[in-house]
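Read the structure below first, then the notes.
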Amino acid sequence: MFKDKISKELVRERMAYPYEIKVRMTERRLSEFITYYGESGVAVSISGGLDSTAAMHFIHARYPDVEAVSVLGIECRDNIKMVMKIRDEWGVKVNIAAPKMTQEAVIKEFGYPVVSKRAAKSLSYLQNPTEENANSRRLALTGITNEGEYAKTWVLAKKWRFLIDAPFKISAKCCYYMKETAADNWAKENGKASIVATLVEESQSRMNGYCKKGGCNSFEGRGESTPFSFWTRQDILRYLYENNVEISGAYGEIVKGEDGIYKTTKAERTGCPICMFGMERDGTPNRFQRMYYEDNRRWQQAIFKWGYKEVLDFFIENGFTNYQYYPQEILDQMQQEENRQLSIFDE
């Protein structure tokens, strides 16, 4: 069995270091990586979100000639505006990478991104059983690995198993084709090593990847650095707050509570507006209810043209009422109109 180059315990230890030590550690890792490839030989992937904005600001202050690359087509309006500010106001050269497939084509061919990346992968295997994915299906249903060990984190939660028989395809490939592959292709075509602002606390898969890579910097192939991996979301918010860095309007503002905890006044996270990963943790209004007002054209496109109505209705029918896509006030108006029509009919 493949052994991690560094342990998860060591990574968690790094995550617990004081903020000031993490800053110096990141400076050293960036220095090592950029010295090797040169400022003209690297590019920072940015989305307009909090993590990449903090990373770009941190790097630009130390290496002003480092470029950025962004895939704008799947970002929300406010994040796109932030990327443009990084270009126009910070003076960063921002290169725009274009996917080779449209988002509609990716969704129609492979399936919808629901629940989480790991769950979507498992559901895709379970919806499309083959001899080749038998081990993956067993892992999703039982947690039993090829070595006969039990891996709880890979088990598909029972509450999501109704999706195996969903009348639509499920996949985790949207982000891969629309963002990861687009940025990778651009970097390859332009001979750039990549700097990515991922945090291992965001997911188990990021933790696993970091451990297997052996740390932040990889000099294999074209090279990739994730120099903020051991930072936490609180570290990111603190950096942005203390350095008075403007952030995407989708997040509102960053405030520091009396308990010393940093929070955003609006959204906690952003990304592709029509991605359904983590939607069960949305508050009210959820991402689609907000999109109804913030970008109704995209809302109409996703719900009625790309088939999201069928997907979200299926969740609602199976008890997940927080997957509603109309704002509550619109639902109330619709219900009032229905009641009015019924009363006219009864007369």
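Chains: A, B, ... in order of the structure tokens. Residues: from 1 per chain. Ligands: from 1, in order shown.
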| said: When you look at stretch 82-93 of chain A with a cut-off of 6 Å (counting only C-alpha atoms), what residues show up, excluding the ones that are within fewer than 2 positions of it in the same chain? I need them as a PyMOL selection string. | reply: chain A and resi 48+67+79-80+248
Please produce a file of the residues just selected, as a short mmCIF file (atom, residue, chain, number, x, y, z; two decimals), in the first residue's frame, where the atoms kept are all heavy atoms.
data_model
loop_
_atom_site.label_atom_id
_atom_site.label_comp_id
_atom_site.auth_asym_id
_atom_site.auth_seq_id
_atom_site.Cartn_x
_atom_site.Cartn_y
_atom_site.Cartn_z
N GLY A 48 -11.01 34.92 -7.36
CA GLY A 48 -11.75 36.02 -6.77
C GLY A 48 -12.28 35.68 -5.40
O GLY A 48 -12.87 36.53 -4.72
N GLU A 67 2.65 36.37 -12.37
CA GLU A 67 1.36 36.48 -13.06
C GLU A 67 0.30 35.63 -12.38
O GLU A 67 0.59 34.85 -11.47
CB GLU A 67 1.50 36.04 -14.52
CG GLU A 67 2.50 36.84 -15.32
CD GLU A 67 2.65 36.32 -16.74
OE1 GLU A 67 1.81 35.50 -17.18
OE2 GLU A 67 3.62 36.73 -17.42
N ASN A 79 -17.09 37.69 -7.72
CA ASN A 79 -15.74 37.16 -7.79
C ASN A 79 -15.05 37.58 -9.08
O ASN A 79 -13.84 37.85 -9.10
CB ASN A 79 -15.76 35.64 -7.67
CG ASN A 79 -15.98 35.17 -6.24
OD1 ASN A 79 -16.31 35.96 -5.37
ND2 ASN A 79 -15.82 33.89 -6.01
N ILE A 80 -15.81 37.63 -10.17
CA ILE A 80 -15.24 38.09 -11.45
C ILE A 80 -14.79 39.55 -11.31
O ILE A 80 -13.71 39.93 -11.78
CB ILE A 80 -16.26 37.94 -12.58
CG1 ILE A 80 -16.52 36.45 -12.86
CG2 ILE A 80 -15.77 38.64 -13.85
CD1 ILE A 80 -17.63 36.19 -13.86
N SER A 248 -14.09 40.14 -2.45
CA SER A 248 -15.28 40.06 -3.30
C SER A 248 -16.52 40.48 -2.51
O SER A 248 -16.70 40.10 -1.35
CB SER A 248 -15.44 38.62 -3.80
OG SER A 248 -16.74 38.39 -4.32
#
Determine which residues of stretch 120-252 of chain A receive a DSSP assignment of alpha helix (DSSP H), computed from the backbone, and state them as a VMD selection string.
-> chain A and resid 120 to 127 134 to 142 173 to 175 181 to 190 204 to 213 233 to 242
Output file for the residues above (C-alpha atoms, as a PDB file, in the first residue's frame):
ATOM      1  CA  ALA A 120     -20.560  12.436  -6.345  1.00  0.00           C
ATOM      2  CA  LYS A 121     -17.716  10.141  -7.420  1.00  0.00           C
ATOM      3  CA  SER A 122     -19.182   7.257  -5.420  1.00  0.00           C
ATOM      4  CA  LEU A 123     -22.668   7.880  -6.791  1.00  0.00           C
ATOM      5  CA  SER A 124     -21.320   7.965 -10.329  1.00  0.00           C
ATOM      6  CA  TYR A 125     -19.777   4.517  -9.830  1.00  0.00           C
ATOM      7  CA  LEU A 126     -22.948   3.169  -8.237  1.00  0.00           C
ATOM      8  CA  GLN A 127     -25.128   4.547 -11.022  1.00  0.00           C
ATOM      9  CA  ALA A 134     -16.428  -2.896  -8.520  1.00  0.00           C
ATOM     10  CA  ASN A 135     -13.841  -2.054  -5.849  1.00  0.00           C
ATOM     11  CA  SER A 136     -14.915   1.584  -5.777  1.00  0.00           C
ATOM     12  CA  ARG A 137     -18.558   0.557  -5.414  1.00  0.00           C
ATOM     13  CA  ARG A 138     -17.717  -1.815  -2.568  1.00  0.00           C
ATOM     14  CA  LEU A 139     -15.728   0.932  -0.849  1.00  0.00           C
ATOM     15  CA  ALA A 140     -18.653   3.358  -1.147  1.00  0.00           C
ATOM     16  CA  LEU A 141     -21.194   0.897   0.258  1.00  0.00           C
ATOM     17  CA  THR A 142     -19.129  -0.927   2.899  1.00  0.00           C
ATOM     18  CA  LYS A 173     -16.218  16.014 -13.200  1.00  0.00           C
ATOM     19  CA  CYS A 174     -17.645  19.511 -13.707  1.00  0.00           C
ATOM     20  CA  CYS A 175     -14.928  21.284 -11.721  1.00  0.00           C
ATOM     21  CA  THR A 181      -8.124  21.171 -16.650  1.00  0.00           C
ATOM     22  CA  ALA A 182      -8.535  24.661 -18.111  1.00  0.00           C
ATOM     23  CA  ALA A 183      -5.937  26.127 -15.742  1.00  0.00           C
ATOM     24  CA  ASP A 184      -3.592  23.150 -16.192  1.00  0.00           C
ATOM     25  CA  ASN A 185      -3.826  23.355 -19.977  1.00  0.00           C
ATOM     26  CA  TRP A 186      -3.035  27.064 -19.899  1.00  0.00           C
ATOM     27  CA  ALA A 187      -0.028  26.490 -17.626  1.00  0.00           C
ATOM     28  CA  LYS A 188       1.241  23.689 -19.853  1.00  0.00           C
ATOM     29  CA  GLU A 189       0.811  25.702 -23.047  1.00  0.00           C
ATOM     30  CA  ASN A 190       2.618  28.680 -21.493  1.00  0.00           C
ATOM     31  CA  GLN A 204      -9.972  14.989   3.273  1.00  0.00           C
ATOM     32  CA  SER A 205      -8.876  14.624  -0.344  1.00  0.00           C
ATOM     33  CA  ARG A 206      -6.742  17.770  -0.070  1.00  0.00           C
ATOM     34  CA  MET A 207      -5.199  16.456   3.131  1.00  0.00           C
ATOM     35  CA  ASN A 208      -4.437  13.127   1.460  1.00  0.00           C
ATOM     36  CA  GLY A 209      -2.929  14.818  -1.585  1.00  0.00           C
ATOM     37  CA  TYR A 210      -0.736  17.067   0.538  1.00  0.00           C
ATOM     38  CA  CYS A 211       0.569  14.117   2.558  1.00  0.00           C
ATOM     39  CA  LYS A 212       1.307  12.033  -0.525  1.00  0.00           C
ATOM     40  CA  LYS A 213       3.070  14.953  -2.213  1.00  0.00           C
ATOM     41  CA  ARG A 233      -9.738  29.764   7.182  1.00  0.00           C
ATOM     42  CA  GLN A 234      -9.185  31.923  10.281  1.00  0.00           C
ATOM     43  CA  ASP A 235      -5.608  32.577   9.120  1.00  0.00           C
ATOM     44  CA  ILE A 236      -6.868  33.664   5.696  1.00  0.00           C
ATOM     45  CA  LEU A 237      -9.474  35.983   7.197  1.00  0.00           C
ATOM     46  CA  ARG A 238      -6.939  37.405   9.643  1.00  0.00           C
ATOM     47  CA  TYR A 239      -4.470  38.129   6.841  1.00  0.00           C
ATOM     48  CA  LEU A 240      -7.095  39.903   4.744  1.00  0.00           C
ATOM     49  CA  TYR A 241      -8.421  41.824   7.764  1.00  0.00           C
ATOM     50  CA  GLU A 242      -5.048  42.956   9.123  1.00  0.00           C
TER      51      GLU A 242
END
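Between atom CA of A:Val23 and atom CA of A:Cys272 lies a distance of 28.8 Å.
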| task | One decimal, Å: what's the distance from atom CA of A:Val44 over to atom CA of A:His57, could you say? | result |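 If I compute the distance from atom CA of A:Val44 to atom CA of A:His57, I get 10.6 Å.
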Practice item. Tell me which of A:Gly223, A:Pro64, A:Gly215, A:Pro167 sits closest to A:Ala193, counting only C-alpha atoms. Key: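 When distances to A:Ala193 are compared using only C-alpha atoms, the smallest one comes from A:Gly223.
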What separation in Å, quoted to one decimal, exists between atom CA of A:Tyr308 and atom CA of A:Val71?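 Rounded to one decimal, the two atoms are 22.5 Å apart.
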Nearest-residue call for A:Gly143, choices A:Leu199, A:Ala61, A:Ala157, A:Ile316, using only C-alpha atoms:
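Among the listed residues, A:Ala157 lies closest to A:Gly143.
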Which neighbours of stretch 317-322 of chain A fall inside 10 Å, counting only C-alpha atoms, when residues of the same chain fewer than 4 positions from it are skipped, and could you give them as a VMD selection string? chain A and resid 159 to 160 162 to 163 279 to 286 312 to 313
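By only C-alpha atoms, and with residues fewer than 2 positions from A:Asn95 along its chain excluded, the set lying at most 7 Å from it is A:Ala68, A:Val69, A:Ser70, A:Lys93, A:Ala97.
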Residue selection dump (N, CA and C atoms) as a JSON list (two decimals), in the first residue's frame:
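As a result, again-v3.json now contains:
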[["chain", "number", "residue", "atom", "x", "y", "z"],
["A", 68, "ALA", "N", -0.93, 35.80, -12.86],
["A", 68, "ALA", "CA", -2.05, 34.99, -12.37],
["A", 68, "ALA", "C", -2.77, 34.37, -13.55],
["A", 69, "VAL", "N", -3.53, 33.32, -13.27],
["A", 69, "VAL", "CA", -4.39, 32.71, -14.28],
["A", 69, "VAL", "C", -5.74, 32.47, -13.64],
["A", 70, "SER", "N", -6.81, 32.74, -14.40],
["A", 70, "SER", "CA", -8.16, 32.60, -13.85],
["A", 70, "SER", "C", -9.09, 32.01, -14.90],
["A", 93, "LYS", "N", -0.70, 40.90, -13.83],
["A", 93, "LYS", "CA", -1.07, 40.39, -15.16],
["A", 93, "LYS", "C", -1.93, 39.14, -14.97],
["A", 97, "ALA", "N", -8.00, 31.68, -18.70],
["A", 97, "ALA", "CA", -7.99, 30.34, -19.28],
["A", 97, "ALA", "C", -9.41, 29.93, -19.63]]
When DSSP is applied to the backbone of this structure, which of stretch 119-335 of chain A are assigned strand (DSSP E or B)? Write them out as JSON, numbers by chain. {"A": [144, 150, 170, 193, 194, 195, 217, 218, 224, 225, 254, 255, 256, 262, 263, 264, 276, 277]}
Expected file: the selected residues, N, CA and C atoms, as a compact mmCIF listing (two decimals), in the first residue's frame:
# COMPACT_ATOMS: atom_id res chain seq x y z
N ILE A 144 -14.92 -1.10 2.90
CA ILE A 144 -13.86 -2.10 2.88
C ILE A 144 -12.92 -1.84 1.71
N TYR A 150 -11.08 -1.24 6.97
CA TYR A 150 -12.29 -0.42 6.98
C TYR A 150 -11.92 1.05 6.95
N ILE A 170 -25.10 11.73 -12.06
CA ILE A 170 -24.33 12.45 -11.04
C ILE A 170 -22.85 12.26 -11.32
N ALA A 193 4.85 26.95 -14.02
CA ALA A 193 4.59 26.13 -12.84
C ALA A 193 3.44 26.80 -12.08
N SER A 194 2.68 26.02 -11.36
CA SER A 194 1.45 26.53 -10.74
C SER A 194 1.59 26.76 -9.24
N ILE A 195 1.00 27.87 -8.79
CA ILE A 195 0.86 28.14 -7.36
C ILE A 195 -0.64 28.19 -7.08
N ASN A 217 5.65 21.99 -1.87
CA ASN A 217 6.27 22.15 -3.18
C ASN A 217 6.56 20.82 -3.87
N SER A 218 6.16 20.75 -5.11
CA SER A 218 6.50 19.60 -5.95
C SER A 218 7.21 20.12 -7.18
N GLU A 224 4.31 22.29 -8.98
CA GLU A 224 3.13 22.88 -8.32
C GLU A 224 3.46 23.19 -6.87
N SER A 225 2.99 24.35 -6.43
CA SER A 225 3.18 24.75 -5.04
C SER A 225 1.84 25.09 -4.41
N ILE A 254 -15.20 41.59 6.33
CA ILE A 254 -14.65 40.73 7.38
C ILE A 254 -14.70 41.49 8.70
N VAL A 255 -15.27 40.87 9.71
CA VAL A 255 -15.35 41.49 11.03
C VAL A 255 -14.69 40.58 12.05
N LYS A 256 -14.17 41.20 13.09
CA LYS A 256 -13.54 40.45 14.17
C LYS A 256 -14.40 40.56 15.41
N TYR A 262 -12.79 35.69 13.36
CA TYR A 262 -13.09 36.48 12.17
C TYR A 262 -14.24 35.85 11.40
N LYS A 263 -15.13 36.69 10.89
CA LYS A 263 -16.26 36.21 10.11
C LYS A 263 -16.52 37.17 8.95
N THR A 264 -17.21 36.65 7.94
CA THR A 264 -17.67 37.50 6.85
C THR A 264 -19.13 37.84 7.11
N MET A 276 -23.60 22.23 -6.53
CA MET A 276 -24.43 21.85 -5.39
C MET A 276 -23.65 21.17 -4.28
N PHE A 277 -22.32 21.16 -4.37
CA PHE A 277 -21.52 20.58 -3.29
C PHE A 277 -21.75 21.37 -2.01
* Show which residues sit within 12 Å of A:Arg62, as a PyMOL selection string. Count only C-alpha atoms, and ignore same-chain residues fewer than 3 positions away. => chain A and resi 26-28+30-31+34+39+55-59+65-66
Nearest residue to A:Ala16 from the set A:Phe314, A:Trp231, A:Tyr112, A:Tyr37 (distances using only C-alpha atoms):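 Checking each candidate against A:Ala16, we get A:Trp231 as the closest.
The closest residue to A:Asp51, picked from A:Gln300, A:Thr226, A:Ser343, A:Gln333 and counting only C-alpha atoms, is A:Thr226.
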